[in-house]
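For reference, run24.cif is printed below; it contains mmCIF, C-alpha atoms.
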data_start
loop_
_atom_site.group_PDB
_atom_site.id
_atom_site.type_symbol
_atom_site.label_atom_id
_atom_site.label_comp_id
_atom_site.auth_asym_id
_atom_site.auth_seq_id
_atom_site.Cartn_x
_atom_site.Cartn_y
_atom_site.Cartn_z
ATOM 1 C CA MET A 33 29.728 79.003 229.820
ATOM 2 C CA GLN A 34 33.482 78.627 229.914
ATOM 3 C CA LEU A 35 33.513 76.736 226.577
ATOM 4 C CA ARG A 36 31.215 79.341 225.047
ATOM 5 C CA SER A 37 33.490 82.145 226.218
ATOM 6 C CA LEU A 38 36.525 80.415 224.743
ATOM 7 C CA ALA A 39 34.716 79.944 221.434
ATOM 8 C CA LEU A 40 33.711 83.592 221.304
ATOM 9 C CA ALA A 41 37.263 84.639 222.120
ATOM 10 C CA ALA A 42 38.603 82.451 219.346
ATOM 11 C CA ILE A 43 36.156 83.971 216.855
ATOM 12 C CA CYS A 44 37.236 87.473 217.890
ATOM 13 C CA VAL A 45 40.892 86.579 217.424
ATOM 14 C CA LEU A 46 40.249 85.078 213.983
ATOM 15 C CA ALA A 47 38.200 88.092 212.970
ATOM 16 C CA SER A 48 41.084 90.381 213.845
ATOM 17 C CA ILE A 49 43.486 88.576 211.526
ATOM 18 C CA SER A 50 43.558 89.806 207.930
ATOM 19 C CA VAL A 51 45.382 87.928 205.194
ATOM 20 C CA THR A 52 46.441 89.915 202.170
ATOM 21 C CA ALA A 53 47.234 87.846 199.064
ATOM 22 C CA PRO A 54 49.929 89.141 196.732
ATOM 23 C CA GLN A 55 48.371 91.273 194.059
ATOM 24 C CA VAL A 56 48.895 90.141 190.471
ATOM 25 C CA VAL A 57 49.272 92.847 187.854
ATOM 26 C CA SER A 58 47.958 91.397 184.604
ATOM 27 C CA ASP A 59 49.045 92.178 181.063
ATOM 28 C CA THR A 60 52.278 93.970 181.839
ATOM 29 C CA ASP A 61 53.740 94.948 178.475
ATOM 30 C CA GLU A 62 56.932 93.262 177.284
ATOM 31 C CA ALA A 63 58.952 96.477 177.257
ATOM 32 C CA THR A 64 58.282 96.939 180.974
ATOM 33 C CA MET A 65 59.059 93.298 181.654
ATOM 34 C CA ARG A 66 62.429 93.669 179.926
ATOM 35 C CA GLN A 67 63.256 96.839 181.843
ATOM 36 C CA HIS A 68 63.088 94.748 185.022
ATOM 37 C CA ILE A 69 65.462 91.988 183.861
ATOM 38 C CA GLU A 70 68.284 91.571 186.378
ATOM 39 C CA HIS A 71 69.741 88.284 185.123
ATOM 40 C CA LYS A 72 69.164 86.752 181.703
ATOM 41 C CA ALA A 73 70.119 83.183 180.717
ATOM 42 C CA GLU A 74 70.547 82.592 176.996
ATOM 43 C CA PRO A 75 68.659 79.563 175.627
ATOM 44 C CA VAL A 76 70.511 76.454 174.516
ATOM 45 C CA TYR A 77 69.743 75.943 170.818
ATOM 46 C CA PRO A 78 68.314 72.390 170.540
ATOM 47 C CA ALA A 79 70.507 70.143 168.382
ATOM 48 C CA LEU A 80 67.384 68.765 166.706
ATOM 49 C CA ALA A 81 66.205 72.247 165.736
ATOM 50 C CA LYS A 82 69.636 73.078 164.347
ATOM 51 C CA ALA A 83 69.638 69.863 162.360
ATOM 52 C CA ALA A 84 66.236 70.753 160.916
ATOM 53 C CA ARG A 85 67.340 74.381 160.285
ATOM 54 C CA VAL A 86 64.493 75.615 162.474
ATOM 55 C CA GLN A 87 64.678 79.192 163.709
ATOM 56 C CA GLY A 88 62.132 81.705 164.919
ATOM 57 C CA THR A 89 60.715 83.372 168.018
ATOM 58 C CA VAL A 90 58.988 81.725 170.968
ATOM 59 C CA VAL A 91 56.507 83.960 172.799
ATOM 60 C CA LEU A 92 55.985 83.051 176.448
ATOM 61 C CA SER A 93 53.621 84.100 179.199
ATOM 62 C CA VAL A 94 55.408 84.351 182.543
ATOM 63 C CA GLN A 95 54.233 85.064 186.066
ATOM 64 C CA VAL A 96 56.940 86.567 188.267
ATOM 65 C CA ASN A 97 56.636 86.368 192.037
ATOM 66 C CA THR A 98 57.324 89.154 194.525
ATOM 67 C CA SER A 99 61.005 88.135 194.673
ATOM 68 C CA GLY A 100 61.415 88.578 190.933
ATOM 69 C CA LYS A 101 61.619 84.880 190.084
ATOM 70 C CA PRO A 102 59.485 83.235 187.367
ATOM 71 C CA GLU A 103 56.896 80.915 188.888
ATOM 72 C CA THR A 104 54.855 79.768 185.898
ATOM 73 C CA VAL A 105 55.884 79.850 182.249
ATOM 74 C CA THR A 106 53.602 78.860 179.378
ATOM 75 C CA VAL A 107 54.062 78.999 175.614
ATOM 76 C CA LEU A 108 51.822 81.301 173.588
ATOM 77 C CA SER A 109 53.401 80.695 170.177
ATOM 78 C CA GLY A 110 56.568 79.642 168.408
ATOM 79 C CA PRO A 111 58.179 76.665 166.640
ATOM 80 C CA PRO A 112 57.513 73.470 168.671
ATOM 81 C CA MET A 113 61.154 72.364 168.454
ATOM 82 C CA LEU A 114 62.272 75.555 170.203
ATOM 83 C CA ARG A 115 59.647 75.837 172.911
ATOM 84 C CA GLN A 116 61.177 73.740 175.681
ATOM 85 C CA ALA A 117 64.552 75.447 175.302
ATOM 86 C CA ALA A 118 62.835 78.828 175.674
ATOM 87 C CA ILE A 119 60.946 77.664 178.766
ATOM 88 C CA ASP A 120 64.126 76.288 180.362
ATOM 89 C CA ALA A 121 65.972 79.549 179.725
ATOM 90 C CA LEU A 122 63.227 81.808 181.085
ATOM 91 C CA HIS A 123 62.965 79.789 184.301
ATOM 92 C CA GLN A 124 66.569 80.884 184.997
ATOM 93 C CA TRP A 125 65.871 84.601 184.568
ATOM 94 C CA ILE A 126 65.641 86.946 187.528
ATOM 95 C CA PHE A 127 63.655 90.191 187.473
ATOM 96 C CA GLN A 128 63.848 93.214 189.722
ATOM 97 C CA PRO A 129 60.733 92.994 191.911
ATOM 98 C CA PHE A 130 57.740 94.864 190.526
ATOM 99 C CA VAL A 131 56.412 97.489 192.911
ATOM 100 C CA GLN A 132 52.934 98.932 193.250
ATOM 101 C CA ASN A 133 51.960 101.469 195.934
ATOM 102 C CA GLY A 134 55.279 100.821 197.626
ATOM 103 C CA ASN A 135 54.801 97.053 197.853
ATOM 104 C CA ALA A 136 56.355 94.256 195.805
ATOM 105 C CA VAL A 137 53.711 92.495 193.743
ATOM 106 C CA ALA A 138 53.521 89.387 191.596
ATOM 107 C CA THR A 139 53.393 90.258 187.911
ATOM 108 C CA LYS A 140 52.287 88.590 184.702
ATOM 109 C CA GLY A 141 53.535 89.504 181.231
ATOM 110 C CA GLN A 142 55.024 88.284 177.974
ATOM 111 C CA ILE A 143 58.598 87.582 176.959
ATOM 112 C CA SER A 144 59.791 86.763 173.438
ATOM 113 C CA ILE A 145 62.917 84.646 172.940
ATOM 114 C CA ALA A 146 64.433 84.546 169.455
ATOM 115 C CA PHE A 147 66.445 81.694 167.950
ATOM 116 C CA ASP A 148 68.664 82.585 164.989
ATOM 117 C CA LEU A 149 70.872 80.117 163.149
ATOM 118 C CA GLY A 150 73.242 82.922 162.112
ATOM 119 C CA LYS A 151 76.379 81.433 160.593
ATOM 120 C CA ASP A 152 74.725 78.004 160.653
ATOM 121 C CA ALA A 153 72.160 79.145 158.098
ATOM 122 C CA PRO A 154 71.936 77.129 154.845
ATOM 123 C CA THR A 155 74.833 77.437 152.397
ATOM 124 C CA PRO A 156 74.154 78.259 148.716
ATOM 125 C CA ASP A 157 74.697 74.602 147.722
ATOM 126 C CA GLU A 158 72.381 73.457 150.469
ATOM 127 C CA LYS A 159 69.694 75.910 149.367
ATOM 128 C CA LYS A 160 69.977 74.635 145.786
ATOM 129 C CA THR A 161 69.607 71.004 146.880
ATOM 130 C CA ALA A 162 66.728 71.942 149.169
ATOM 131 C CA GLN A 163 64.897 73.681 146.307
ATOM 132 C CA GLU A 164 65.132 70.458 144.320
ATOM 133 C CA TYR A 165 64.343 68.232 147.278
ATOM 134 C CA PHE A 166 61.199 69.706 148.841
ATOM 135 C CA PRO A 167 58.835 69.577 145.817
ATOM 136 C CA VAL A 168 59.746 65.921 145.219
ATOM 137 C CA SER A 169 59.509 65.130 148.939
ATOM 138 C CA ASN A 170 56.073 66.735 149.210
ATOM 139 C CA GLU A 171 54.849 64.741 146.210
ATOM 140 C CA CYS A 172 56.300 61.573 147.737
ATOM 141 C CA ILE A 173 54.425 62.098 151.001
ATOM 142 C CA LYS A 174 51.201 62.879 149.137
ATOM 143 C CA LEU A 175 51.392 59.748 146.959
ATOM 144 C CA ALA A 176 52.564 57.456 149.754
ATOM 145 C CA SER A 177 49.734 58.654 152.005
ATOM 146 C CA GLN A 178 47.062 58.019 149.355
ATOM 147 C CA HIS A 179 48.080 54.396 148.582
ATOM 148 C CA THR A 180 46.408 54.671 145.156
ATOM 149 C CA ASP A 181 49.458 54.301 142.915
ATOM 150 C CA VAL A 182 52.045 52.466 144.999
ATOM 151 C CA ALA A 183 54.488 52.062 142.118
ATOM 152 C CA LYS A 184 54.534 55.806 141.412
ATOM 153 C CA ALA A 185 54.822 56.535 145.139
ATOM 154 C CA ALA A 186 57.794 54.189 145.452
ATOM 155 C CA ASP A 187 59.525 55.773 142.453
ATOM 156 C CA THR A 188 58.903 59.330 143.669
ATOM 157 C CA CYS A 189 59.989 58.604 147.250
ATOM 158 C CA ASN A 190 63.073 56.810 145.964
ATOM 159 C CA HIS A 191 63.933 59.953 143.986
ATOM 160 C CA ALA A 192 63.410 62.199 147.027
ATOM 161 C CA ALA A 193 65.690 59.996 149.121
ATOM 162 C CA GLN A 194 68.400 60.092 146.459
ATOM 163 C CA ILE A 195 68.267 63.902 146.429
ATOM 164 C CA ALA A 196 68.455 63.972 150.232
ATOM 165 C CA GLU A 197 71.674 61.974 150.070
ATOM 166 C CA GLN A 198 73.246 64.978 148.326
ATOM 167 C CA PHE A 199 73.022 67.099 151.477
ATOM 168 C CA ALA A 200 76.313 67.486 153.343
ATOM 169 C CA SER A 201 77.070 64.780 155.887
ATOM 170 C CA ASP A 202 76.719 67.214 158.804
ATOM 171 C CA ARG A 203 73.538 68.945 157.602
ATOM 172 C CA ARG A 204 69.830 68.325 157.072
ATOM 173 C CA PHE A 205 69.544 65.269 159.299
ATOM 174 C CA ILE A 206 65.758 65.579 159.572
ATOM 175 C CA GLU A 207 65.238 65.743 155.807
ATOM 176 C CA LYS A 208 67.466 62.710 155.340
ATOM 177 C CA ARG A 209 65.728 60.618 157.958
ATOM 178 C CA SER A 210 62.306 61.674 156.724
ATOM 179 C CA SER A 211 63.020 60.923 153.054
ATOM 180 C CA PHE A 212 64.704 57.594 153.838
ATOM 181 C CA THR A 213 61.758 56.598 156.027
ATOM 182 C CA TRP A 214 59.164 57.504 153.396
ATOM 183 C CA ALA A 215 61.164 55.690 150.702
ATOM 184 C CA ALA A 216 61.228 52.593 152.911
ATOM 185 C CA TRP A 217 57.466 52.765 153.536
ATOM 186 C CA ALA A 218 56.682 53.294 149.856
ATOM 187 C CA ALA A 219 58.888 50.361 148.839
ATOM 188 C CA ALA A 220 57.203 48.149 151.433
ATOM 189 C CA TYR A 221 53.751 48.982 150.046
ATOM 190 C CA ASN A 222 55.112 48.302 146.566
ATOM 191 C CA ASN A 223 56.087 44.763 147.677
ATOM 192 C CA ASP A 224 59.798 45.528 147.445
ATOM 193 C CA PRO A 225 61.063 44.514 150.901
ATOM 194 C CA SER A 226 64.723 44.513 149.853
ATOM 195 C CA THR A 227 64.651 48.192 148.828
ATOM 196 C CA SER A 228 62.546 48.975 151.883
ATOM 197 C CA LEU A 229 65.189 47.412 154.125
ATOM 198 C CA THR A 230 67.982 49.390 152.447
ATOM 199 C CA TRP A 231 66.296 52.768 152.976
ATOM 200 C CA ALA A 232 65.120 51.845 156.486
ATOM 201 C CA LYS A 233 68.680 51.057 157.544
ATOM 202 C CA LYS A 234 69.796 54.441 156.207
ATOM 203 C CA ALA A 235 67.008 56.147 158.190
ATOM 204 C CA VAL A 236 68.105 54.452 161.409
ATOM 205 C CA GLU A 237 71.744 55.370 160.734
ATOM 206 C CA VAL A 238 70.674 59.030 160.744
ATOM 207 C CA VAL A 239 68.646 58.562 163.918
ATOM 208 C CA ARG A 240 71.662 57.057 165.683
ATOM 209 C CA LEU A 241 73.577 60.292 165.118
ATOM 210 C CA GLY A 242 71.360 61.797 167.809
ATOM 211 C CA HIS A 243 69.829 64.685 165.887
ATOM 212 C CA ASP A 244 66.223 63.481 165.749
ATOM 213 C CA ASP A 245 63.125 63.670 167.925
ATOM 214 C CA ASN A 246 61.217 60.737 169.388
ATOM 215 C CA SER A 247 58.490 60.616 166.743
ATOM 216 C CA GLY A 248 60.997 60.633 163.880
ATOM 217 C CA SER A 249 63.066 57.944 165.569
ATOM 218 C CA ASN A 250 59.909 55.919 166.133
ATOM 219 C CA ALA A 251 59.048 56.057 162.422
ATOM 220 C CA ALA A 252 62.542 54.992 161.347
ATOM 221 C CA TYR A 253 62.687 51.984 163.660
ATOM 222 C CA THR A 254 59.115 51.000 162.822
ATOM 223 C CA VAL A 255 59.741 50.759 159.095
ATOM 224 C CA LEU A 256 63.046 48.960 159.742
ATOM 225 C CA ALA A 257 61.223 46.362 161.840
ATOM 226 C CA LEU A 258 58.539 46.030 159.162
ATOM 227 C CA ALA A 259 61.162 45.509 156.444
ATOM 228 C CA GLU A 260 62.968 42.940 158.581
ATOM 229 C CA ALA A 261 59.725 41.040 159.121
ATOM 230 C CA LYS A 262 58.952 41.066 155.413
ATOM 231 C CA THR A 263 62.455 39.810 154.538
ATOM 232 C CA GLY A 264 62.121 36.861 156.939
ATOM 233 C CA ASP A 265 63.995 38.143 160.004
ATOM 234 C CA PRO A 266 61.376 38.188 162.805
ATOM 235 C CA ALA A 267 63.993 38.170 165.582
ATOM 236 C CA SER A 268 65.461 41.489 164.393
ATOM 237 C CA ALA A 269 61.954 42.812 163.803
ATOM 238 C CA ASP A 270 61.051 41.965 167.412
ATOM 239 C CA LYS A 271 64.044 43.927 168.714
ATOM 240 C CA ASP A 272 63.483 46.964 166.494
ATOM 241 C CA PHE A 273 59.731 47.099 167.155
ATOM 242 C CA THR A 274 60.603 47.261 170.856
ATOM 243 C CA THR A 275 62.919 50.212 170.188
ATOM 244 C CA ALA A 276 60.276 51.906 168.038
ATOM 245 C CA GLU A 277 57.686 51.538 170.793
ATOM 246 C CA ASP A 278 60.023 53.065 173.379
ATOM 247 C CA PHE A 279 60.441 56.121 171.161
ATOM 248 C CA GLY A 280 56.684 56.194 170.594
ATOM 249 C CA ARG A 281 55.933 56.283 174.311
ATOM 250 C CA LYS A 282 58.443 59.095 174.808
ATOM 251 C CA ALA A 283 56.830 61.057 171.961
ATOM 252 C CA ILE A 284 53.408 60.701 173.596
ATOM 253 C CA ALA A 285 54.773 61.842 176.970
ATOM 254 C CA TRP A 286 56.441 64.876 175.356
ATOM 255 C CA ALA A 287 53.249 65.819 173.501
ATOM 256 C CA LYS A 288 51.280 65.759 176.752
ATOM 257 C CA GLN A 289 53.927 67.791 178.553
ATOM 258 C CA VAL A 290 54.020 70.647 176.041
ATOM 259 C CA GLY A 291 50.412 70.427 174.856
ATOM 260 C CA PHE A 292 51.346 69.503 171.290
ATOM 261 C CA LYS A 293 48.110 69.621 169.277
ATOM 262 C CA HIS A 294 49.027 66.688 167.010
ATOM 263 C CA GLY A 295 49.816 64.354 169.891
ATOM 264 C CA ASP A 296 47.024 61.958 168.884
ATOM 265 C CA SER A 297 49.059 60.964 165.838
ATOM 266 C CA TYR A 298 51.760 59.622 168.169
ATOM 267 C CA SER A 299 49.207 57.408 169.906
ATOM 268 C CA ARG A 300 48.002 56.082 166.550
ATOM 269 C CA SER A 301 51.586 55.309 165.530
ATOM 270 C CA LEU A 302 52.237 53.416 168.753
ATOM 271 C CA ASP A 303 48.969 51.526 168.326
ATOM 272 C CA GLN A 304 50.113 50.460 164.849
ATOM 273 C CA ASP A 305 53.540 49.411 166.159
ATOM 274 C CA LEU A 306 52.065 47.295 168.929
ATOM 275 C CA ARG A 307 49.694 45.468 166.598
ATOM 276 C CA MET A 308 52.392 44.726 164.027
ATOM 277 C CA HIS A 309 54.725 43.654 166.808
ATOM 278 C CA ALA A 310 52.055 41.261 168.076
ATOM 279 C CA GLN A 311 51.993 39.558 164.666
ATOM 280 C CA VAL A 312 55.784 39.146 164.781
ATOM 281 C CA LEU A 313 55.593 37.691 168.285
ATOM 282 C CA GLN A 314 52.947 35.230 167.135
ATOM 283 C CA ALA A 315 55.317 34.133 164.365
ATOM 284 C CA LEU A 316 58.001 33.675 167.028
ATOM 285 C CA SER A 317 55.586 31.457 169.039
ATOM 286 C CA GLN A 318 55.240 33.970 171.871
ATOM 287 C CA PRO A 319 51.440 34.303 172.208
ATOM 288 C CA GLU A 320 51.526 35.704 175.745
ATOM 289 C CA GLU A 321 53.894 38.515 174.761
ATOM 290 C CA ALA A 322 51.787 39.147 171.682
ATOM 291 C CA GLN A 323 48.683 39.525 173.839
ATOM 292 C CA LYS A 324 50.463 42.060 176.064
ATOM 293 C CA LYS A 325 51.118 44.202 172.995
ATOM 294 C CA LEU A 326 47.482 43.972 171.939
ATOM 295 C CA ASP A 327 46.326 44.859 175.448
ATOM 296 C CA GLU A 328 48.526 47.973 175.459
ATOM 297 C CA ALA A 329 47.216 48.914 172.015
ATOM 298 C CA THR A 330 43.633 48.626 173.259
ATOM 299 C CA LYS A 331 44.350 51.058 176.088
ATOM 300 C CA LEU A 332 45.429 53.657 173.533
ATOM 301 C CA GLN A 333 41.993 53.721 171.917
#
Kindly transcribe the structure held in the file into C-alpha cells.
Amino acid sequence: MQLRSLALAAICVLASISVTAPQVVSDTDEATMRQHIEHKAEPVYPALAKAARVQGTVVLSVQVNTSGKPETVTVLSGPPMLRQAAIDALHQWIFQPFVQNGNAVATKGQISIAFDLGKDAPTPDEKKTAQEYFPVSNECIKLASQHTDVAKAADTCNHAAQIAEQFASDRRFIEKRSSFTWAAWAAAYNNDPSTSLTWAKKAVEVVRLGHDDNSGSNAAYTVLALAEAKTGDPASADKDFTTAEDFGRKAIAWAKQVGFKHGDSYSRSLDQDLRMHAQVLQALSQPEEAQKKLDEATKLQ
C-alpha cells in the first residue's frame, strides 16, 4: 500500500508539471527580420570568388532563438562560392528578441546577403580578353569532353590557354587554371606529353598562388601527375597524384557539408586518380600500395 501511495503521489506531481516549448513563428518576412537586427557582421569576400569574379546574393533561412541568436542557418539559393561566407557572417549576427503575446519566441525567416565586387569589377581590357576567351574555352571543353577529334581539341584548348595568359597577373586565376588544365588534358589525349606537361605545370603554378578551390586544385595536380607519368617520371607522378587525391578528398568533404548537387563528380575524379595512381605504383614496384589505392577507389563506387 505504501509503494502504491508513493506511485500515485508521483503521478500527481508529474501531472501538475506543464512544459511549454518555445513557439516558433514561421515565415517571418525579411523586412521584419531586418528591423530586429541588433548587430550585423559583414561577410568576408572569399578570395576564390574574387579571383573568379563571382558576385551575387546568397539567400539564407535562419532560425533565431529567444535570445536573438541564430541557431540554424541553411542556404536557399546563391552562388556556391559565396555560400559559406554568408553562413559564417550570419552566425555572428544578433537580433532583438522577437515577442509574441508578451513572451520572447523563437523565429524563422529569410535573410539575403549580397556580394559586390565594386572597384574590383573587370577592367575594360579584361572584359575584352574575356569576350575572346570564353567562346574558345567553351569550344575547348566541348571538344575535349567528346574525345572524337583529339587533334582539334588539342589545338582549340591550346588557343584558349594562350588567350588566358593575356589576363593580368593578378586577375582571372580560375580561368587561367581551368584553361591550362584543359590544354594539358587535350594534349595528353593527343599523345603530346611534352606539351601536356608544360600546360600542367602552368596550371599548378596558378593553384599554388592560393586562389583556387579543392576540385580545381585536384584537376591541376592530376593532369600534372599524368603528364609526368607519360614523360617517364613515375616518382614525380606518385608525389603529385598523392597531392591531387588530398585535394579530391577535401572537395568531397566540402560538397557533403554544403549539399553541393554535383558532389558525385568529385567522387568520380578521385576514383580516377586512385586507379591511375595504382598503375604508377605498380610501375614503381609497390604492389601493396597500389592495392590500397584500388581498395579506396572501390569504396567510392
Report as a PDB file with C-alpha atoms, in the frame of the given file all protein, DNA and RNA residues lying within 12 Å of region 312-320 of chain A, evaluated on all atoms listed in the file, omitting residues in the same chain fewer than 6 positions from it.
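This went into result37.pdb:
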ATOM      1  CA  ALA A 257      61.223  46.362 161.840  1.00  0.00           C
ATOM      2  CA  LEU A 258      58.539  46.030 159.162  1.00  0.00           C
ATOM      3  CA  ALA A 259      61.162  45.509 156.444  1.00  0.00           C
ATOM      4  CA  GLU A 260      62.968  42.940 158.581  1.00  0.00           C
ATOM      5  CA  ALA A 261      59.725  41.040 159.121  1.00  0.00           C
ATOM      6  CA  LYS A 262      58.952  41.066 155.413  1.00  0.00           C
ATOM      7  CA  GLY A 264      62.121  36.861 156.939  1.00  0.00           C
ATOM      8  CA  ASP A 265      63.995  38.143 160.004  1.00  0.00           C
ATOM      9  CA  PRO A 266      61.376  38.188 162.805  1.00  0.00           C
ATOM     10  CA  ALA A 267      63.993  38.170 165.582  1.00  0.00           C
ATOM     11  CA  SER A 268      65.461  41.489 164.393  1.00  0.00           C
ATOM     12  CA  ALA A 269      61.954  42.812 163.803  1.00  0.00           C
ATOM     13  CA  ASP A 270      61.051  41.965 167.412  1.00  0.00           C
ATOM     14  CA  LYS A 271      64.044  43.927 168.714  1.00  0.00           C
ATOM     15  CA  ASP A 272      63.483  46.964 166.494  1.00  0.00           C
ATOM     16  CA  PHE A 273      59.731  47.099 167.155  1.00  0.00           C
ATOM     17  CA  THR A 274      60.603  47.261 170.856  1.00  0.00           C
ATOM     18  CA  ASP A 305      53.540  49.411 166.159  1.00  0.00           C
ATOM     19  CA  LEU A 306      52.065  47.295 168.929  1.00  0.00           C
ATOM     20  CA  LEU A 326      47.482  43.972 171.939  1.00  0.00           C
ATOM     21  CA  ASP A 327      46.326  44.859 175.448  1.00  0.00           C
TER      22      ASP A 327
END
Env of region 114-118 of chain A: 6 Å cut, atoms = all atoms listed in the file, seq-sep filter 3 positions within chain, self excluded. Answer as an mmCIF file with C-alpha atoms, in the coordinates of the input.
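After the write, result.cif holds the following:
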data_model
loop_
_atom_site.group_PDB
_atom_site.id
_atom_site.type_symbol
_atom_site.label_atom_id
_atom_site.label_comp_id
_atom_site.auth_asym_id
_atom_site.auth_seq_id
_atom_site.Cartn_x
_atom_site.Cartn_y
_atom_site.Cartn_z
ATOM 1 C CA PRO A 75 68.659 79.563 175.627
ATOM 2 C CA PRO A 111 58.179 76.665 166.640
ATOM 3 C CA ALA A 121 65.972 79.549 179.725
#
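Taken over the whole file, the PyMOL selection byres ((chain A and resi 68) around 8) covers exactly Thr64, Met65, Arg66, Gln67, Ile69, Glu70, Phe127, Gln128, Pro129 and Phe130 of chain A.
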Write out as a PyMOL selection string which residues come within 12 Å of region 147-150 of chain A when counting only C-alpha atoms, dropping same-chain ones fewer than 6 positions away. chain A and resi 74-79+81-91+110-111+113-115+117-118+121
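Between CA of Ser144 (chain A) and CA of His71 (chain A) lies a distance of 15.4 Å.
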Going by the chain IDs and residue numbers used in this file, which residues fall under the PyMOL selection byres ((chain A and resi 221-227) around 10)? Write them as a list of chain:residue names. A:Ala176, A:His179, A:Asp181, A:Val182, A:Ala183, A:Lys184, A:Ala185, A:Ala186, A:Asp187, A:Asn190, A:Ala215, A:Ala216, A:Trp217, A:Ala218, A:Ala219, A:Ala220, A:Ser228, A:Leu229, A:Thr230, A:Trp231, A:Ala232, A:Leu258, A:Ala259, A:Glu260, A:Ala261, A:Lys262, A:Thr263, A:Gly264
The PyMOL selection byres ((chain A and resi 285-298) around 10) on the file shown: which residues, as a PyMOL selection string? chain A and resi 106-107+112+115-116+246-247+250-251+279-284+299-304+332
At a cut-off of 8 Å, using all atoms listed in the file, what residues contact Glu164 (chain A)? Leave out same-chain residues fewer than 4 positions from it and give the result as a VMD selection string. chain A and resid 160 168 195
Can you work out the spacing between CA of Pro156 (chain A) and CA of Leu80 (chain A) in Å, to one decimal?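 About the pair CA of Pro156 (chain A) and CA of Leu80 (chain A): they are 21.4 Å apart.
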Expressed in Å, the length from CA of Glu103 (chain A) to CA of Ala63 (chain A) is 19.5 Å
Which residue out of A:Lys159, A:Lys174, A:His309, A:Lys72 has the minimum interatomic distance to Ala200 (chain A) when only C-alpha atoms are used?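 Looking only at the distances to Ala200 (chain A), the closest residue turns out to be A:Lys159.
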Which residue gives the smallest distance to Ser211 (chain A) among A:Glu197, A:Asp157, A:Glu328, A:Glu321, with all atoms listed in the file counted?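 For Ser211 (chain A), the nearest of the given residues is A:Glu197.
Residues in contact range of Ser93 (chain A), defined as at most 7 Å between all atoms listed in the file, with sequence neighbours fewer than 6 positions away removed, read A:Val105, A:Thr106, A:Val107, A:Leu108, A:Gly141, A:Gln142, A:Ile143.
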Padded axis-aligned box of region 238-246 of chain A (5 Å per side), centre and edge lengths, Å, one decimal, as lines of an AutoDock Vina configuration file:
center_x = 67.4
center_y = 60.9
center_z = 165.1
size_x = 22.4
size_y = 17.6
size_z = 18.6
So, counting all atoms listed in the file, which residue among A:Gln132, A:Gln198, A:Thr180, A:Thr188 is closest to Thr161 (chain A)?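 Among the listed residues, the smallest separation from Thr161 (chain A) belongs to A:Gln198.
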